[in-house]
$ cat start_1.txt   # compact mmCIF, C-alpha atoms and all ligand atoms
# COMPACT_ATOMS: atom_id res chain seq x y z
CA MET F 22 94.39 101.44 131.26
CA ARG F 23 95.66 101.31 127.70
CA ILE F 24 97.41 98.38 126.07
CA ILE F 25 99.85 98.88 123.23
CA ARG F 26 100.46 95.67 121.33
CA ALA F 27 104.06 95.54 120.12
CA GLU F 28 105.51 92.90 117.83
CA ASP F 29 108.50 91.93 119.93
CA TYR F 30 111.05 93.19 122.43
CA GLU F 31 112.69 95.55 119.93
CA ASP F 32 109.34 97.03 119.04
CA ILE F 33 108.50 97.56 122.74
CA SER F 34 111.84 99.32 123.23
CA ARG F 35 111.31 101.54 120.20
CA ILE F 36 107.79 102.58 121.22
CA ALA F 37 108.78 103.23 124.85
CA ALA F 38 111.90 105.24 123.96
CA GLU F 39 109.96 107.41 121.50
CA ARG F 40 107.32 108.10 124.14
CA ILE F 41 109.88 109.03 126.75
CA ALA F 42 111.79 111.26 124.31
CA ASN F 43 108.54 113.01 123.33
CA PHE F 44 107.67 113.43 126.98
CA ILE F 45 111.04 115.07 127.69
CA ALA F 46 110.61 117.33 124.64
CA LYS F 47 107.42 118.67 126.23
CA LYS F 48 108.82 118.80 129.78
CA PRO F 49 112.64 119.11 129.66
CA ASP F 50 112.94 119.00 133.49
CA ALA F 51 110.69 115.95 133.84
CA VAL F 52 111.08 113.65 136.84
CA LEU F 53 111.46 110.14 135.43
CA GLY F 54 110.93 107.10 137.62
CA LEU F 55 113.26 104.41 136.29
CA ALA F 56 113.34 100.64 136.51
CA THR F 57 116.03 97.99 136.13
CA GLY F 58 115.86 94.42 134.85
CA SER F 59 115.95 93.11 131.31
CA SER F 60 112.66 94.72 130.25
CA PRO F 61 113.81 98.39 130.11
CA LEU F 62 117.30 97.62 128.81
CA GLY F 63 116.36 97.96 125.13
CA THR F 64 114.52 101.20 125.89
CA TYR F 65 117.65 102.62 127.52
CA ARG F 66 119.72 101.59 124.48
CA ARG F 67 117.26 103.34 122.17
CA LEU F 68 117.22 106.45 124.36
CA SER F 69 121.03 106.55 124.29
CA LEU F 70 120.85 106.31 120.50
CA LEU F 71 118.26 109.09 120.28
CA TYR F 72 120.55 111.18 122.48
CA SER F 73 123.60 110.55 120.24
CA GLU F 74 121.48 111.59 117.25
CA GLY F 75 120.63 114.84 119.03
CA ARG F 76 116.94 113.93 119.26
CA VAL F 77 116.67 114.09 123.05
CA SER F 78 118.54 115.80 125.86
CA PHE F 79 118.49 114.82 129.53
CA LYS F 80 120.26 117.98 130.64
CA GLU F 81 117.50 119.09 132.98
CA VAL F 82 115.87 115.71 133.58
CA ARG F 83 115.77 114.35 137.13
CA THR F 84 115.53 110.61 137.80
CA VAL F 85 114.50 108.43 140.72
CA ASN F 86 115.00 104.69 140.55
CA LEU F 87 112.54 102.25 141.99
CA ASP F 88 114.80 100.08 144.08
CA GLU F 89 118.23 98.80 145.13
CA TYR F 90 119.61 95.67 146.77
CA VAL F 91 120.53 96.12 150.42
CA GLY F 92 124.24 95.54 151.02
CA LEU F 93 125.50 96.32 147.51
CA SER F 94 127.55 99.44 146.83
CA ALA F 95 127.17 101.50 143.66
CA GLU F 96 130.51 100.03 142.49
CA ASN F 97 129.22 96.46 142.75
CA GLU F 98 128.41 95.27 139.22
CA GLN F 99 125.19 93.65 140.40
CA SER F 100 123.84 96.80 142.01
CA TYR F 101 121.09 98.72 140.32
CA ALA F 102 123.20 101.88 140.65
CA PHE F 103 125.88 100.21 138.50
CA PHE F 104 123.26 98.96 136.02
CA MET F 105 121.85 102.46 135.56
CA LYS F 106 125.26 104.07 135.11
CA GLU F 107 126.33 101.49 132.59
CA ASN F 108 123.11 101.34 130.59
CA LEU F 109 121.87 104.92 130.66
CA PHE F 110 123.42 107.53 132.94
CA ASP F 111 126.92 107.37 131.42
CA ARG F 112 125.56 107.31 127.87
CA VAL F 113 123.50 110.51 127.96
CA ASP F 114 123.87 114.07 129.29
CA LEU F 115 122.16 113.41 132.63
CA ALA F 116 123.78 115.36 135.46
CA PRO F 117 124.93 112.82 138.10
CA GLU F 118 123.46 114.99 140.87
CA ASN F 119 120.06 114.70 139.19
CA THR F 120 119.99 110.90 139.41
CA HIS F 121 118.74 109.17 142.55
CA ILE F 122 118.74 105.56 143.70
CA PRO F 123 118.20 104.21 147.22
CA ASP F 124 121.52 103.73 149.00
CA GLY F 125 122.01 99.99 149.38
CA LEU F 126 124.75 100.54 151.98
CA GLU F 127 122.63 102.65 154.32
CA GLU F 128 122.06 100.52 157.38
CA ASN F 129 119.56 102.87 158.99
CA GLU F 130 116.49 101.55 157.29
CA GLU F 131 114.05 104.08 158.68
CA GLN F 132 116.25 107.01 157.70
CA GLU F 133 116.88 105.73 154.16
CA CYS F 134 113.20 105.09 153.48
CA GLU F 135 112.01 108.41 154.94
CA GLU F 136 114.68 110.32 153.02
CA TYR F 137 113.80 108.67 149.74
CA ASP F 138 110.11 109.48 150.10
CA ARG F 139 111.01 113.05 151.08
CA LEU F 140 113.24 113.34 148.03
CA ILE F 141 110.44 112.24 145.68
CA LYS F 142 108.17 114.85 147.30
CA GLU F 143 110.82 117.58 147.01
CA LEU F 144 111.23 116.80 143.32
CA GLY F 145 107.51 117.49 142.95
CA GLY F 146 106.56 113.83 142.44
CA ILE F 147 107.22 111.52 139.51
CA ASP F 148 105.99 112.65 136.10
CA LEU F 149 106.52 109.39 134.23
CA GLN F 150 107.23 106.06 135.88
CA LEU F 151 108.69 103.18 133.88
CA LEU F 152 108.01 99.66 135.21
CA GLY F 153 108.79 96.05 134.51
CA LEU F 154 106.72 93.15 135.81
CA GLY F 155 108.12 90.49 138.12
CA PRO F 156 107.17 86.89 137.26
CA ASN F 157 105.12 86.76 140.48
CA GLY F 158 103.37 90.07 139.73
CA HIS F 159 105.74 92.29 141.72
CA ILE F 160 106.42 95.87 140.72
CA ALA F 161 109.72 97.39 141.83
CA PHE F 162 110.33 95.01 144.75
CA ASN F 163 106.79 95.15 146.12
CA GLU F 164 106.30 91.44 146.61
CA PRO F 165 102.95 89.62 146.82
CA GLY F 166 101.49 89.96 150.32
CA ASP F 167 98.41 90.70 152.39
CA SER F 168 98.45 94.47 151.91
CA PHE F 169 99.90 97.09 149.58
CA PRO F 170 103.03 98.69 151.14
CA LEU F 171 102.68 102.47 150.88
CA GLY F 172 106.02 104.28 150.92
CA THR F 173 109.66 103.30 150.46
CA HIS F 174 110.50 100.32 152.64
CA LYS F 175 112.96 97.50 153.15
CA VAL F 176 111.68 94.22 151.82
CA ARG F 177 112.68 90.60 152.19
CA LEU F 178 112.82 89.21 148.65
CA SER F 179 110.57 86.24 147.97
CA PRO F 180 112.09 82.88 146.95
CA ALA F 181 110.49 83.36 143.48
CA THR F 182 112.24 86.73 143.01
CA ILE F 183 115.57 85.37 144.23
CA ARG F 184 115.22 82.49 141.75
CA ALA F 185 114.25 84.85 138.90
CA ASN F 186 117.13 87.23 139.58
CA SER F 187 119.70 84.47 140.05
CA ARG F 188 120.44 84.69 136.28
CA PHE F 189 122.33 87.94 136.98
CA PHE F 190 124.55 86.45 139.71
CA GLU F 191 127.24 83.80 139.54
CA ARG F 192 125.91 81.90 142.54
CA GLU F 193 122.42 81.96 144.02
CA GLU F 194 123.87 82.54 147.49
CA ASP F 195 125.37 85.84 146.26
CA ILE F 196 121.94 87.37 145.69
CA PRO F 197 121.03 89.83 148.42
CA ARG F 198 118.00 88.75 150.43
CA PHE F 199 116.76 92.29 151.08
CA ALA F 200 116.13 95.42 149.02
CA TYR F 201 114.98 98.99 149.46
CA THR F 202 112.02 99.71 147.23
CA MET F 203 109.57 102.47 146.53
CA GLY F 204 106.12 101.57 147.78
CA ILE F 205 102.87 101.20 145.90
CA ARG F 206 101.69 104.68 146.91
CA ASP F 207 104.88 106.20 145.47
CA ILE F 208 104.25 104.40 142.18
CA LEU F 209 100.53 105.18 142.03
CA GLN F 210 101.23 108.87 142.63
CA ALA F 211 103.27 109.07 139.42
CA LYS F 212 101.31 111.13 136.92
CA GLN F 213 101.86 108.62 134.15
CA VAL F 214 102.92 104.97 134.36
CA ILE F 215 104.31 102.84 131.52
CA MET F 216 104.95 99.12 131.98
CA LEU F 217 107.06 97.05 129.59
CA VAL F 218 106.47 93.31 129.33
CA SER F 219 107.77 90.79 126.83
CA GLY F 220 107.83 87.07 126.30
CA ALA F 221 105.51 84.09 126.71
CA ALA F 222 106.80 83.42 130.24
CA LYS F 223 104.96 86.55 131.45
CA ALA F 224 101.66 85.83 129.63
CA GLU F 225 100.00 84.18 132.62
CA ILE F 226 100.93 86.92 135.09
CA VAL F 227 99.87 89.65 132.62
CA LYS F 228 96.46 88.01 132.39
CA GLU F 229 96.19 87.68 136.18
CA ALA F 230 97.34 91.23 136.89
CA PHE F 231 95.22 93.05 134.34
CA THR F 232 92.09 90.97 133.91
CA GLY F 233 91.85 89.52 137.42
CA PRO F 234 90.85 91.15 140.72
CA VAL F 235 92.92 93.97 142.21
CA THR F 236 94.75 92.29 145.07
CA PRO F 237 98.04 92.63 146.98
CA LYS F 238 98.62 88.98 146.09
CA VAL F 239 99.38 90.35 142.59
CA PRO F 240 100.86 93.81 143.33
CA ALA F 241 100.78 94.97 139.67
CA SER F 242 96.99 94.56 139.62
CA ILE F 243 96.67 97.88 141.50
CA LEU F 244 97.69 99.63 138.27
CA GLN F 245 94.19 98.90 136.95
CA PHE F 246 93.17 101.84 139.17
CA HIS F 247 95.76 104.28 137.80
CA SER F 248 94.24 106.99 135.62
CA ASP F 249 97.14 107.12 133.14
CA PHE F 250 98.58 103.64 132.87
CA THR F 251 99.89 102.15 129.60
CA LEU F 252 101.02 98.58 129.19
CA ILE F 253 103.40 98.13 126.26
CA ALA F 254 103.71 94.42 125.66
CA ASP F 255 104.54 92.06 122.82
CA THR F 256 102.28 89.50 121.19
CA GLU F 257 103.70 86.68 123.30
CA ALA F 258 103.13 88.45 126.62
CA LEU F 259 99.58 89.34 125.55
CA SER F 260 98.80 85.90 124.15
CA LEU F 261 96.37 84.93 126.96
CA LEU F 262 94.38 88.17 126.73
CA SER F 263 91.32 88.03 124.52
C1 LIG G 1 113.41 92.99 139.39
C2 LIG G 1 113.19 94.48 139.57
C3 LIG G 1 111.86 94.92 138.99
C4 LIG G 1 111.70 94.34 137.60
C5 LIG G 1 111.68 92.86 137.66
C6 LIG G 1 111.44 92.18 136.33
O1 LIG G 1 112.90 92.23 140.42
N1 LIG G 1 113.25 94.89 140.94
O2 LIG G 1 111.79 96.34 138.99
O3 LIG G 1 110.53 94.82 137.01
O4 LIG G 1 112.94 92.45 138.17
O5 LIG G 1 112.64 92.00 135.66
P1 LIG G 1 112.80 91.65 134.14
O6 LIG G 1 112.45 92.88 133.40
O7 LIG G 1 114.24 91.29 134.00
O8 LIG G 1 111.87 90.52 133.86

$ encode --input "start_1.txt" --output "structure tokens"
Amino acid sequence: MRIIRAEDYEDISRIAAERIANFIAKKPDAVLGLATGSSPLGTYRRLSLLYSEGRVSFKEVRTVNLDEYVGLSAENEQSYAFFMKENLFDRVDLAPENTHIPDGLEENEEQECEEYDRLIKELGGIDLQLLGLGPNGHIAFNEPGDSFPLGTHKVRLSPATIRANSRFFEREEDIPRFAYTMGIRDILQAKQVIMLVSGAAKAEIVKEAFTGPVTPKVPASILQFHSDFTLIADTEALSLLS
């Protein structure tokens, strides 16, 4: 794994956006695995800016998002589909039919999960996967557990995740308790993985995930085994690493 030490959140966003734009320049029809949350927001802003300056085009790019809350429609402002439209999809020249997110309203869990994994396969796999890091070490919505979930699955969100994500909802009881998420195998099969982490609050979990043992108790730790994994983090998030 490689670690890129950035100064702060803006610096992380700048470095990540440049890398993604360069990646697309080399492979215009790249399959990008995208994440939500506050970590990639600045990167999406920068990418939108690079697009408006004519420095990147998403015309042929295909995207697959990591996860979605069960029970929220794409029109719901708290859904990840809404987040992606607002922060990236509507700001660049991505074709709507080339963007993919699990369907939070699909009640047939088995069908939704199988279809999503099939879709990733049909796209030829993920070329570059962008990730954030949950405060408990989760990636996408793969929560700490006794084993690494393989493919797309429905997950019950942990109390820690519900607490962490409550900042986006008016009331804690509004937060969905379940989500559809890509599994660890889906993420590990991406040819390249980039994780963005900022802030002192994540320093402890960064240390645990990337200097501790590989364990499903800290799902992100599995990335130590990925052959092309880059952590882009700021000084604060890296402060406990020697
Ligand atoms: C959510 C998402 C994750 C994300 C995590 C961290 O739980 N499902 O994909 O990485 O939040 O979010 P943030 O970047 O806001 O800290």

$ residues_around --input "start_1.txt" --residues "Val239 (chain F)" --least-positions-apart "2" --cutoff "8 Å" --atoms "all atoms listed in the file" --output "number ranges by chain"
F: 157-159, 165, 229-230, 235-237, 241-242

$ closest_residue --input "start_1.txt" --among "F:Phe110, F:Tyr90, F:Tyr137, F:Phe231" --to "ligand LIG 1 (chain G)" --atoms "all atoms listed in the file"
F:Tyr90

$ residues_near_ligand --input "start_1.txt" --ligand "ligand LIG 1 (chain G)" --cutoff "7 Å" --atoms "only C-alpha atoms and all ligand atoms" --output "VMD selection string"
chain F and resid 56 to 61 87 to 88 152 to 156 160 to 162 182 186

$ atom_distance --input "start_1.txt" --atom1 "CA of Ala37 (chain F)" --atom2 "CA of Thr84 (chain F)"
16.4 Å

$ residues_near_point --input "start_1.txt" --point "(121.2, 109.6, 132.8)" --cutoff "10 Å" --atoms "all atoms listed in the file" --output "VMD selection string"
chain F and resid 65 68 to 69 78 to 80 82 to 84 105 to 120

$ atom_distance --input "start_1.txt" --atom1 "CA of Ile205 (chain F)" --atom2 "CA of His247 (chain F)"
11.2 Å

$ closest_residue --input "start_1.txt" --among "F:Ala27, F:Ile208, F:Leu244, F:Ala224" --to "Ile141 (chain F)" --atoms "only C-alpha atoms"
F:Ile208

$ atom_distance --input "start_1.txt" --atom1 "CA of Ala181 (chain F)" --atom2 "CA of Ile147 (chain F)"
28.6 Å

$ residues_around --input "start_1.txt" --residues "Gln99 (chain F)" --least-positions-apart "6" --cutoff "9 Å" --atoms "only C-alpha atoms" --output "compact mmCIF listing (two decimals) with C-alpha atoms, in the frame of the given file"
# COMPACT_ATOMS: atom_id res chain seq x y z
CA TYR F 90 119.61 95.67 146.77
CA LEU F 93 125.50 96.32 147.51
CA PHE F 189 122.33 87.94 136.98
CA PHE F 190 124.55 86.45 139.71
CA ILE F 196 121.94 87.37 145.69

$ residues_around --input "start_1.txt" --residues "Leu70 (chain F)" --least-positions-apart "3" --cutoff "12 Å" --atoms "all atoms listed in the file" --output "list of chain:residue names"
F:Ser34, F:Arg35, F:Ala38, F:Glu39, F:Ala42, F:Gly63, F:Thr64, F:Tyr65, F:Arg66, F:Arg67, F:Ser73, F:Glu74, F:Gly75, F:Arg76, F:Val77, F:Ser78, F:Asn108, F:Leu109, F:Arg112, F:Val113

$ write_last_selection --input "start_1.txt" --atoms "C-alpha atoms" --output "mmCIF file, in the frame of the given file"
data_model
loop_
_atom_site.group_PDB
_atom_site.id
_atom_site.type_symbol
_atom_site.label_atom_id
_atom_site.label_comp_id
_atom_site.auth_asym_id
_atom_site.auth_seq_id
_atom_site.Cartn_x
_atom_site.Cartn_y
_atom_site.Cartn_z
ATOM 1 C CA SER F 34 111.840 99.320 123.230
ATOM 2 C CA ARG F 35 111.310 101.540 120.200
ATOM 3 C CA ALA F 38 111.900 105.240 123.960
ATOM 4 C CA GLU F 39 109.960 107.410 121.500
ATOM 5 C CA ALA F 42 111.790 111.260 124.310
ATOM 6 C CA GLY F 63 116.360 97.960 125.130
ATOM 7 C CA THR F 64 114.520 101.200 125.890
ATOM 8 C CA TYR F 65 117.650 102.620 127.520
ATOM 9 C CA ARG F 66 119.720 101.590 124.480
ATOM 10 C CA ARG F 67 117.260 103.340 122.170
ATOM 11 C CA SER F 73 123.600 110.550 120.240
ATOM 12 C CA GLU F 74 121.480 111.590 117.250
ATOM 13 C CA GLY F 75 120.630 114.840 119.030
ATOM 14 C CA ARG F 76 116.940 113.930 119.260
ATOM 15 C CA VAL F 77 116.670 114.090 123.050
ATOM 16 C CA SER F 78 118.540 115.800 125.860
ATOM 17 C CA ASN F 108 123.110 101.340 130.590
ATOM 18 C CA LEU F 109 121.870 104.920 130.660
ATOM 19 C CA ARG F 112 125.560 107.310 127.870
ATOM 20 C CA VAL F 113 123.500 110.510 127.960
#

$ closest_residue --input "start_1.txt" --among "F:Leu140, F:Leu149, F:Leu259, F:Ala102" --to "Gly220 (chain F)" --atoms "all atoms listed in the file"
F:Leu259

$ closest_residue --input "start_1.txt" --among "F:Pro49, F:Gly146, F:Gly166, F:Gly125" --to "Gln213 (chain F)" --atoms "all atoms listed in the file"
F:Gly146

$ closest_residue --input "start_1.txt" --among "F:Leu53, F:Ala185, F:Ile243, F:Ile25" --to "Leu144 (chain F)" --atoms "all atoms listed in the file"
F:Leu53

$ decode --input "start_1.txt" --residues "region 108-137 of chain F" --atoms "N, CA and C atoms" --output "short mmCIF file (atom, residue, chain, number, x, y, z; two decimals), in the first residue's frame"
data_model
loop_
_atom_site.label_atom_id
_atom_site.label_comp_id
_atom_site.auth_asym_id
_atom_site.auth_seq_id
_atom_site.Cartn_x
_atom_site.Cartn_y
_atom_site.Cartn_z
N ASN F 108 -24.03 16.25 -6.31
CA ASN F 108 -22.62 16.62 -6.14
C ASN F 108 -21.70 16.24 -7.30
N LEU F 109 -22.17 15.36 -8.18
CA LEU F 109 -21.31 15.04 -9.33
C LEU F 109 -22.08 14.84 -10.63
N PHE F 110 -23.04 13.92 -10.62
CA PHE F 110 -23.64 13.49 -11.89
C PHE F 110 -24.24 14.66 -12.68
N ASP F 111 -24.93 15.58 -11.98
CA ASP F 111 -25.57 16.70 -12.69
C ASP F 111 -24.58 17.82 -13.04
N ARG F 112 -23.36 17.70 -12.58
CA ARG F 112 -22.38 18.77 -12.79
C ARG F 112 -21.39 18.46 -13.91
N VAL F 113 -21.42 17.20 -14.38
CA VAL F 113 -20.48 16.81 -15.44
C VAL F 113 -21.25 16.14 -16.58
N ASP F 114 -20.53 15.71 -17.63
CA ASP F 114 -21.21 15.15 -18.79
C ASP F 114 -21.38 13.63 -18.73
N LEU F 115 -21.62 13.11 -17.50
CA LEU F 115 -21.88 11.68 -17.36
C LEU F 115 -23.25 11.35 -17.94
N ALA F 116 -23.35 10.28 -18.72
CA ALA F 116 -24.66 9.88 -19.23
C ALA F 116 -25.41 9.18 -18.09
N PRO F 117 -26.65 9.61 -17.80
CA PRO F 117 -27.38 9.00 -16.67
C PRO F 117 -27.43 7.47 -16.75
N GLU F 118 -27.55 6.94 -17.99
CA GLU F 118 -27.63 5.48 -18.10
C GLU F 118 -26.30 4.79 -17.78
N ASN F 119 -25.24 5.57 -17.66
CA ASN F 119 -23.94 4.98 -17.30
C ASN F 119 -23.65 5.04 -15.80
N THR F 120 -24.61 5.56 -15.03
CA THR F 120 -24.39 5.64 -13.58
C THR F 120 -25.25 4.58 -12.89
N HIS F 121 -24.69 3.94 -11.89
CA HIS F 121 -25.40 2.84 -11.23
C HIS F 121 -25.26 2.94 -9.71
N ILE F 122 -26.40 2.74 -9.06
CA ILE F 122 -26.44 2.76 -7.59
C ILE F 122 -27.45 1.69 -7.17
N PRO F 123 -27.20 0.94 -6.11
CA PRO F 123 -28.22 -0.04 -5.71
C PRO F 123 -29.56 0.66 -5.50
N ASP F 124 -30.64 -0.06 -5.82
CA ASP F 124 -31.98 0.51 -5.72
C ASP F 124 -32.51 0.32 -4.30
N GLY F 125 -32.54 1.41 -3.55
CA GLY F 125 -32.97 1.34 -2.16
C GLY F 125 -34.41 0.92 -1.99
N LEU F 126 -35.21 1.04 -3.05
CA LEU F 126 -36.64 0.68 -2.94
C LEU F 126 -36.91 -0.76 -3.33
N GLU F 127 -35.90 -1.45 -3.84
CA GLU F 127 -36.12 -2.86 -4.23
C GLU F 127 -36.26 -3.71 -2.97
N GLU F 128 -37.43 -4.35 -2.86
CA GLU F 128 -37.67 -5.13 -1.65
C GLU F 128 -37.12 -6.53 -1.75
N ASN F 129 -36.94 -7.00 -3.01
CA ASN F 129 -36.39 -8.34 -3.18
C ASN F 129 -34.87 -8.28 -3.05
N GLU F 130 -34.46 -8.58 -1.84
CA GLU F 130 -33.06 -8.41 -1.47
C GLU F 130 -32.12 -9.27 -2.31
N GLU F 131 -32.54 -10.53 -2.47
CA GLU F 131 -31.68 -11.46 -3.21
C GLU F 131 -31.49 -10.99 -4.66
N GLN F 132 -32.61 -10.57 -5.25
CA GLN F 132 -32.58 -10.12 -6.65
C GLN F 132 -31.70 -8.87 -6.81
N GLU F 133 -31.88 -7.90 -5.91
CA GLU F 133 -31.11 -6.66 -6.00
C GLU F 133 -29.61 -6.93 -5.89
N CYS F 134 -29.26 -7.77 -4.93
CA CYS F 134 -27.83 -8.03 -4.69
C CYS F 134 -27.21 -8.80 -5.85
N GLU F 135 -27.94 -9.82 -6.33
CA GLU F 135 -27.41 -10.61 -7.46
C GLU F 135 -27.25 -9.74 -8.69
N GLU F 136 -28.27 -8.90 -8.93
CA GLU F 136 -28.23 -8.03 -10.12
C GLU F 136 -27.08 -7.05 -10.06
N TYR F 137 -26.82 -6.53 -8.88
CA TYR F 137 -25.74 -5.53 -8.76
C TYR F 137 -24.38 -6.18 -9.01
#
